[in-house]
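Peer 1: Take this structure, written in structure tokens, and hold onto it; I'll ask about it next.
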Protein chains: 2
Amino acid sequence: MADSSSNPPPPQDQQVDAPAGPSKSELKKRAKQEEKERKAAEKAARQAELAQQQAAAEVDFASESYGALPLNQSQSRPGRTRDQISTFSGRAGETVLFRARVHTSRAQGNKMCFLNLRQRTESVQGLLIVTPEKVSKQMVKWTASIGAESIVLVEGVVEKVQELIKSASVSDVEVHINKVYLISGIEGRLPFSVDDANRPESDVQSADAQFNRVLLETRLNNRVIDLRTQTNQAIFKLQGAIGDLFRDYLSANGFLEIHSPKMQGAATESGASVFKVSYFKGSAFLAQSPQLAKQMAIAADFERVYEIGPVFRAEDSNTHRHLTEFMGLDLEMTIEEHYHEVMEMLDGLFLSIFRGLREKYKKEIEVIGKQFPAEEFKWREGPEGTLKLTFKDAVDLLVEDGVPREDLDDINTENEKRLGRIIKAKHDIDYYIIDKFPMALRPFYTMPDPEDPTLSNSYDFFMRGEEILSGAQRIHDPALLCEKMRSKGVDPDSMKPYVDAFRMGCAPHGGGGIGLERVLMLFLKLNNIRRASLFPRDPKRLEP
Amino acid sequence: MADSSSNPPPPQDQQVDAPAGPSKSELKKRAKQEEKERKAAEKAARQAELAQQQAAAEVDFASESYGALPLNQSQSRPGRTRDQISTFSGRAGETVLFRARVHTSRAQGNKMCFLNLRQRTESVQGLLIVTPEKVSKQMVKWTASIGAESIVLVEGVVEKVQELIKSASVSDVEVHINKVYLISGIEGRLPFSVDDANRPESDVQSADAQFNRVLLETRLNNRVIDLRTQTNQAIFKLQGAIGDLFRDYLSANGFLEIHSPKMQGAATESGASVFKVSYFKGSAFLAQSPQLAKQMAIAADFERVYEIGPVFRAEDSNTHRHLTEFMGLDLEMTIEEHYHEVMEMLDGLFLSIFRGLREKYKKEIEVIGKQFPAEEFKWREGPEGTLKLTFKDAVDLLVEDGVPREDLDDINTENEKRLGRIIKAKHDIDYYIIDKFPMALRPFYTMPDPEDPTLSNSYDFFMRGEEILSGAQRIHDPALLCEKMRSKGVDPDSMKPYVDAFRMGCAPHGGGGIGLERVLMLFLKLNNIRRASLFPRDPKRLEP
């Protein structure tokens, strides 16, 4: 540090004899003055130097390595590949580039910042440390200020860690960040944190709970945030998987996928209420199921068909298991001899779905089990096969268990669950079939039993004591069909195109309809069907 | 034949002298009388014998081998396997049992009957000949009387034929029928024959046409019969195949299938009209596309999603290519750098669909081509890849071709087709992409071009000069989104859950929506979209 800006102080021992020179005190005074000026000058110099240093420091050497990116309007395409966090474990030493949500950020002093970076169900720890010429204090400060749930683009080097990082799904490495940019920030406040939304109910209920409970209603109102939890990411991966397994099994068995219209000219299938649509100058009705269309497809010789599509029920039921719109997995097939051909096809389908989920989605089921603990779903394999009861057997079991027989003309929801518990206790299984329902309980198109006309060739399938499929052999004879329609108060002429299909010759056939969300809810024991629907619809909810 | 019943005639030369014996004339008279009686007795005997023979014949030795079966109510389950006609070619000498439609029946004399027996796209000739102790005349007579489109159960022996049978798809063998039973008959008259419905238009149009034309309207009114044609069986096999190919490609590329609600709280996406639904005490609206839901799924971190589901358009368009309800194949994905990542994904998807159809469904395409002759659908493979034009390039091509530039602010349907012809003539391809549409032509959620705000990061895909996909980069910034909503007259508050999704951080993304029926119609050149829909819906049709 050069002192060139100040004059050298006068020598203090300048005591030479000189005529009329300044007095000794005068000299002392002058010396003091000079000393004062020198110090002031020194101070000024030091301040100037500091200012210069500060000025130099403000030119942030890391300024290119962080900050908000301009809105991506596809300005350029350098073609750099993005990496997946799930691959980082084996890649220590490699430089990676990836887009992620900031799950959490935490500054440690002003030289270090930890980020938990998330991609769907995967997460990794990111570490930013002040490093000469690479990472500046400003960069750390800016990074620490990024709000949770912002989306960032990160470049860094994967490094092994000594101690496993419990807060991240990739726990044996972390990323030493070189560059971090904001792709999309948050406007306003998050209604709840993704961590809170992902917590098991038991954590929140415990006496010393320090966590926020996020009510289902709040989640559904802010479904986009709620869906970001690991649990929900896994739930909807399983929803997709059920659809895939359904299609794979049926394709392998010669079924064709069809798409039938949801808007219909007549309000059909008495019983469940229908939604009415304004259709130009008239009205249409939303299909309560693809029942009529898939039977017509059989009359049109398609032999084996399935459909995955929305079904609409205008029932004002506000329960844990009713939606006004849900996904129906429907199928219909010709039979050669006996309707048990269909029942067995459906049973094979369910076993294939259960096996597929257990074998291919073990990890997802575990993730979901953390938030929604459940006894593993059980079914019977092997030569014995699925448990099949008749409706009469089921009633007998309930009577044995203490339910008055006179209450059992139908088995209501409560008794269904009770039956599920009885069967669980007896056989340790969560999946079974009830066959041969009374005709009085089934729709007009159900084929009566050949021996006892009060019974029908129909069945329901159950998971954990709740119905997930209803099906039957259908009436393919137009005369018998019209008779049954009239007996249930339906005018055959009001459904003429449907009845006509059978007048033009139709093979014996049967089928069933599965509620996708119910299967998902019950397999995972989510306890509320809304959790199994991406954007659920019930009598009180039409948004988001 | 013994003559034991009559007395021997008296010797004619009995001319002995006897006292008071009968006179010669008397004797002659007696002999005549006896002769008369003898003949009468002989006649009676013959008649009695005949009656006895007839009585014996009326006990039909074949009565167990034919007739109407009782209505199948699953009375029994012998477990006999049914055979498929498609397998018969290699099975000469084998006994087969199969259910089939009677396509045609034709008696030849009273001892022989030919049946054309059909299973979906396959058919075989059945032959019934009077055979002692096996096939009776009564059996032949009954079989010849079975109406077309009845369903029968047939047992017979597969036999090689000398001359190929042109009228059957399995032409090198026929089935010698031993047993034939009616499973389901016809009530009333068929509106048209399946043969007439399967005929190419050219056959009907030729001057000496002896065939009945079946109008599209008549077909659709009786869709169940119409769908039984080989052509329609093949068309809907291809419809299913497009869905499978769509899913396979996207699954392989990390997409998740989602299901979004079709009933929405607000009438969204200004422009196309929406159907209104009575929803308990309020109203709902049918989704015109899964646009909002799939973008929210992106904001919810699902990264890559697709949906196959119905979309509803309340447009009073009665054209060859509009339906009020059709199947949308939709996808949405995050982008890292540039929206061409999505455009290329979509292009790869289409190429995969085209290749899959051509490779795996050659036979079906040929079957359909017989009724709807079409030049084979062509696209560009190899390093050059799909032809990509900008909107400006497209306009220039049309101007070059003589269209006044001032008519080309938008490219209307007519000019779209003209452009298709220009490109076909120039490049011999039926599939291409137009990129960079003017912002004014696109919905509010479309991302503007970074350089020229009058343009947008959007594209349409075309097949044979008709649009089959529309897509774009979307605006993921809430401020810009609200600005664009307002500029298009949409109040952001009316779509709050949607806008909120972007306020909570959202990655840059883009996608597109494909009309399934349009792809099917244009690939096969069916000329009317109703032919590509199982039970089509248009402003005038809600049934069947």
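Chain labels A, B, ... are given in the sequence in which chains occur in the structure tokens; within each chain residues are numbered consecutively from 1, and ligands are likewise numbered from 1 in the order shown.
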Please report as a Markdown table every residue of stretch 227-317 of chain B lying within 10 Å of stretch 371-389 of chain B, along with the nearest atom pair and their distance in Å (one decimal), using only C-alpha atoms.

Peer 2:
| residue | atom | partner | partner_atom | distance |
| --- | --- | --- | --- | --- |
| B:Gln230 | CA | B:Gln371 | CA | 9.4 |
| B:Thr231 | CA | B:Gln371 | CA | 6.9 |
| B:Asn232 | CA | B:Gln371 | CA | 9.9 |

Peer 1: If the cut-off is 6 Å, can you tell me the residues of chain B near chain A, counting only C-alpha atoms? I'd like them as a VMD selection string.

Peer 2: chain B and resid 73 to 75 77 150 184 to 187 224 227 to 228 240 257 264 to 265 276 to 278 300 to 301 337 to 338 450 497 503 to 505 542 to 544

Peer 1: Once you have the residues from the selection above, write them out as a PDB file, in the first residue's frame, restricted to C-alpha atoms.

Peer 2:
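Saved result, out.pdb, follows:
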ATOM      1  CA  GLN B  73     -79.622 -68.409 -20.065  1.00  0.00           C
ATOM      2  CA  SER B  74     -76.448 -70.291 -19.154  1.00  0.00           C
ATOM      3  CA  GLN B  75     -78.349 -73.514 -18.537  1.00  0.00           C
ATOM      4  CA  ARG B  77     -71.571 -75.530 -19.546  1.00  0.00           C
ATOM      5  CA  SER B 150     -79.221 -65.012 -38.054  1.00  0.00           C
ATOM      6  CA  SER B 184     -80.437 -65.943 -32.498  1.00  0.00           C
ATOM      7  CA  GLY B 185     -82.839 -65.156 -35.320  1.00  0.00           C
ATOM      8  CA  ILE B 186     -84.036 -61.985 -37.007  1.00  0.00           C
ATOM      9  CA  GLU B 187     -87.242 -60.229 -36.063  1.00  0.00           C
ATOM     10  CA  VAL B 224     -75.560 -51.903 -35.907  1.00  0.00           C
ATOM     11  CA  LEU B 227     -70.965 -51.930 -38.634  1.00  0.00           C
ATOM     12  CA  ARG B 228     -71.095 -55.623 -39.522  1.00  0.00           C
ATOM     13  CA  GLY B 240     -58.266 -49.113 -31.902  1.00  0.00           C
ATOM     14  CA  GLU B 257     -51.910 -41.113 -18.972  1.00  0.00           C
ATOM     15  CA  GLN B 264     -66.305 -27.816 -15.815  1.00  0.00           C
ATOM     16  CA  GLY B 265     -67.452 -24.951 -13.643  1.00  0.00           C
ATOM     17  CA  LYS B 276     -74.300 -26.337 -20.975  1.00  0.00           C
ATOM     18  CA  VAL B 277     -75.261 -28.986 -18.432  1.00  0.00           C
ATOM     19  CA  SER B 278     -77.802 -28.728 -15.613  1.00  0.00           C
ATOM     20  CA  ALA B 300     -48.419 -30.046 -10.844  1.00  0.00           C
ATOM     21  CA  ASP B 301     -45.082 -31.538 -12.013  1.00  0.00           C
ATOM     22  CA  GLU B 337     -35.072 -24.934 -24.463  1.00  0.00           C
ATOM     23  CA  HIS B 338     -37.435 -24.631 -27.398  1.00  0.00           C
ATOM     24  CA  PRO B 450     -39.693 -13.927 -29.222  1.00  0.00           C
ATOM     25  CA  PRO B 497     -57.843 -21.954 -10.769  1.00  0.00           C
ATOM     26  CA  ARG B 503     -48.723 -18.286 -10.142  1.00  0.00           C
ATOM     27  CA  MET B 504     -47.430 -21.276  -8.183  1.00  0.00           C
ATOM     28  CA  GLY B 505     -44.542 -21.813 -10.607  1.00  0.00           C
ATOM     29  CA  LEU B 542     -77.988 -38.069 -31.164  1.00  0.00           C
ATOM     30  CA  GLU B 543     -78.927 -41.660 -31.971  1.00  0.00           C
ATOM     31  CA  PRO B 544     -78.175 -44.524 -32.028  1.00  0.00           C
TER      32      PRO B 544
END

Peer 1: How large is the C-alpha RMSD when chain A is optimally fitted onto chain B, using all Cα positions paired one-to-one in sequence order?

Peer 2: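 Here the C-alpha RMSD works out to 0.9 Å.
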
Peer 1: Going by DSSP on the backbone, which residues of stretch 58-119 of chain A come out as strand (DSSP E or B)? List them as a list in words.

Peer 2: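 Of stretch 58-119 of chain A, only Tyr66, Gly67, Ala68, Thr95, Val96, Leu97, Phe98, Arg99, Ala100, Arg101, Val102, His103, Thr104, Ser105, Arg106, Ala107, Gln108, Met112, Cys113, Phe114, Leu115, Asn116, Leu117, Arg118 and Gln119 of chain A fall in strand (DSSP E or B).
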
Peer 1: For N, CA, C and O atoms, I'd like the residues from the last selection saved as a CSV table (one decimal), in the first residue's frame.

Peer 2:
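Once everything was written out, this is selection18.csv:
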chain,number,residue,atom,x,y,z
A,66,TYR,N,-25.7,-16.8,-12.2
A,66,TYR,CA,-27.0,-16.9,-11.5
A,66,TYR,C,-27.9,-15.8,-11.9
A,66,TYR,O,-27.5,-14.9,-12.6
A,67,GLY,N,-29.1,-15.9,-11.5
A,67,GLY,CA,-30.1,-14.9,-11.8
A,67,GLY,C,-31.3,-15.4,-12.5
A,67,GLY,O,-31.4,-16.6,-12.8
A,68,ALA,N,-32.3,-14.5,-12.7
A,68,ALA,CA,-33.5,-14.9,-13.3
A,68,ALA,C,-33.3,-15.0,-14.8
A,68,ALA,O,-32.8,-14.0,-15.4
A,95,THR,N,-20.4,-33.5,-14.2
A,95,THR,CA,-21.1,-32.2,-14.3
A,95,THR,C,-22.5,-32.5,-14.8
A,95,THR,O,-22.7,-33.2,-15.8
A,96,VAL,N,-23.5,-32.0,-14.1
A,96,VAL,CA,-24.9,-32.3,-14.5
A,96,VAL,C,-25.6,-30.9,-14.7
A,96,VAL,O,-25.3,-29.9,-14.1
A,97,LEU,N,-26.6,-31.0,-15.5
A,97,LEU,CA,-27.5,-29.8,-15.8
A,97,LEU,C,-28.9,-30.3,-15.7
A,97,LEU,O,-29.3,-31.2,-16.3
A,98,PHE,N,-29.7,-29.6,-14.8
A,98,PHE,CA,-31.1,-30.1,-14.6
A,98,PHE,C,-32.0,-29.0,-14.1
A,98,PHE,O,-31.6,-28.1,-13.4
A,99,ARG,N,-33.3,-29.2,-14.6
A,99,ARG,CA,-34.4,-28.3,-14.1
A,99,ARG,C,-35.0,-29.0,-12.9
A,99,ARG,O,-35.2,-30.2,-12.9
A,100,ALA,N,-35.3,-28.2,-11.9
A,100,ALA,CA,-35.9,-28.8,-10.7
A,100,ALA,C,-36.7,-27.8,-9.9
A,100,ALA,O,-36.6,-26.6,-10.1
A,101,ARG,N,-37.7,-28.2,-9.1
A,101,ARG,CA,-38.3,-27.4,-8.2
A,101,ARG,C,-37.4,-27.2,-7.0
A,101,ARG,O,-36.7,-28.1,-6.5
A,102,VAL,N,-37.4,-26.0,-6.4
A,102,VAL,CA,-36.7,-25.7,-5.1
A,102,VAL,C,-37.7,-26.2,-4.1
A,102,VAL,O,-38.8,-25.6,-3.8
A,103,HIS,N,-37.4,-27.4,-3.5
A,103,HIS,CA,-38.3,-27.9,-2.4
A,103,HIS,C,-38.1,-27.1,-1.2
A,103,HIS,O,-39.1,-26.6,-0.5
A,104,THR,N,-36.8,-26.9,-0.8
A,104,THR,CA,-36.5,-26.0,0.4
A,104,THR,C,-35.2,-25.3,0.0
A,104,THR,O,-34.4,-25.8,-0.7
A,105,SER,N,-35.0,-24.1,0.6
A,105,SER,CA,-33.6,-23.5,0.6
A,105,SER,C,-33.3,-23.0,1.9
A,105,SER,O,-34.1,-22.5,2.7
A,106,ARG,N,-32.0,-23.1,2.3
A,106,ARG,CA,-31.6,-22.8,3.7
A,106,ARG,C,-30.2,-22.2,3.6
A,106,ARG,O,-29.2,-22.9,3.2
A,107,ALA,N,-30.0,-20.9,4.0
A,107,ALA,CA,-28.7,-20.3,4.0
A,107,ALA,C,-28.0,-20.7,5.3
A,107,ALA,O,-28.6,-20.8,6.4
A,108,GLN,N,-26.6,-20.9,5.3
A,108,GLN,CA,-25.9,-21.1,6.5
A,108,GLN,C,-24.8,-20.1,6.5
A,108,GLN,O,-23.9,-20.1,5.7
A,112,MET,N,-22.8,-19.9,2.5
A,112,MET,CA,-23.2,-21.3,2.1
A,112,MET,C,-24.7,-21.3,2.1
A,112,MET,O,-25.4,-20.7,2.8
A,113,CYS,N,-25.2,-22.1,1.1
A,113,CYS,CA,-26.6,-22.3,1.0
A,113,CYS,C,-26.9,-23.7,0.6
A,113,CYS,O,-26.3,-24.3,-0.3
A,114,PHE,N,-27.9,-24.4,1.3
A,114,PHE,CA,-28.4,-25.7,0.9
A,114,PHE,C,-29.7,-25.6,0.2
A,114,PHE,O,-30.6,-24.9,0.7
A,115,LEU,N,-29.8,-26.3,-0.9
A,115,LEU,CA,-31.1,-26.4,-1.6
A,115,LEU,C,-31.6,-27.9,-1.6
A,115,LEU,O,-30.7,-28.8,-1.8
A,116,ASN,N,-32.9,-28.1,-1.4
A,116,ASN,CA,-33.4,-29.4,-1.7
A,116,ASN,C,-34.1,-29.3,-3.0
A,116,ASN,O,-35.0,-28.5,-3.1
A,117,LEU,N,-33.6,-30.0,-4.0
A,117,LEU,CA,-34.1,-29.9,-5.3
A,117,LEU,C,-34.9,-31.1,-5.7
A,117,LEU,O,-34.5,-32.2,-5.5
A,118,ARG,N,-36.1,-30.9,-6.3
A,118,ARG,CA,-37.1,-32.0,-6.5
A,118,ARG,C,-37.5,-32.1,-8.0
A,118,ARG,O,-37.7,-31.1,-8.7
A,119,GLN,N,-37.5,-33.4,-8.4
A,119,GLN,CA,-38.2,-33.7,-9.7
A,119,GLN,C,-39.2,-34.8,-9.4
A,119,GLN,O,-38.8,-36.0,-9.1

Peer 1: Select from stretch 192-403 of chain B everything DSSP, run on the backbone, classes as helix (DSSP H, G or I), then give the selection as a ChimeraX atom specification.

Peer 2: /B:194-197,201-205,216-221,223-226,230-252,291-299,340-360,362-371,391-400

Peer 1: I'd like the contact shell of stretch 346-363 of chain B - 7 Å cut-off, only C-alpha atoms, skipping same-chain residues fewer than 5 positions apart - returned as a list in words.

Peer 2: Ile242, Leu245, Phe246 and Tyr249 of chain B

Peer 1: Please save N, CA and C atoms of the selected residues as a compact mmCIF listing (two decimals), in the first residue's frame.

Peer 2:
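Writing done, so here's out-v2.txt:
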# COMPACT_ATOMS: atom_id res chain seq x y z
N ILE B 242 -54.82 -47.08 -33.74
CA ILE B 242 -54.25 -45.72 -33.61
C ILE B 242 -54.10 -45.37 -32.14
N LEU B 245 -51.12 -47.33 -30.77
CA LEU B 245 -49.84 -46.79 -31.25
C LEU B 245 -49.52 -45.45 -30.57
N PHE B 246 -50.55 -44.65 -30.37
CA PHE B 246 -50.42 -43.37 -29.67
C PHE B 246 -49.87 -43.61 -28.26
N TYR B 249 -46.16 -45.17 -28.11
CA TYR B 249 -45.09 -44.21 -28.37
C TYR B 249 -44.89 -43.28 -27.18

Peer 1: Can you pull out the residues contacting A:Glu400? Cut-off 12 Å, using only C-alpha atoms, and skip same-chain residues under 6 positions away; I want them as a list in words.

Peer 2: Asp393, Ala394, Arg418, Leu419 and Ile422 of chain A
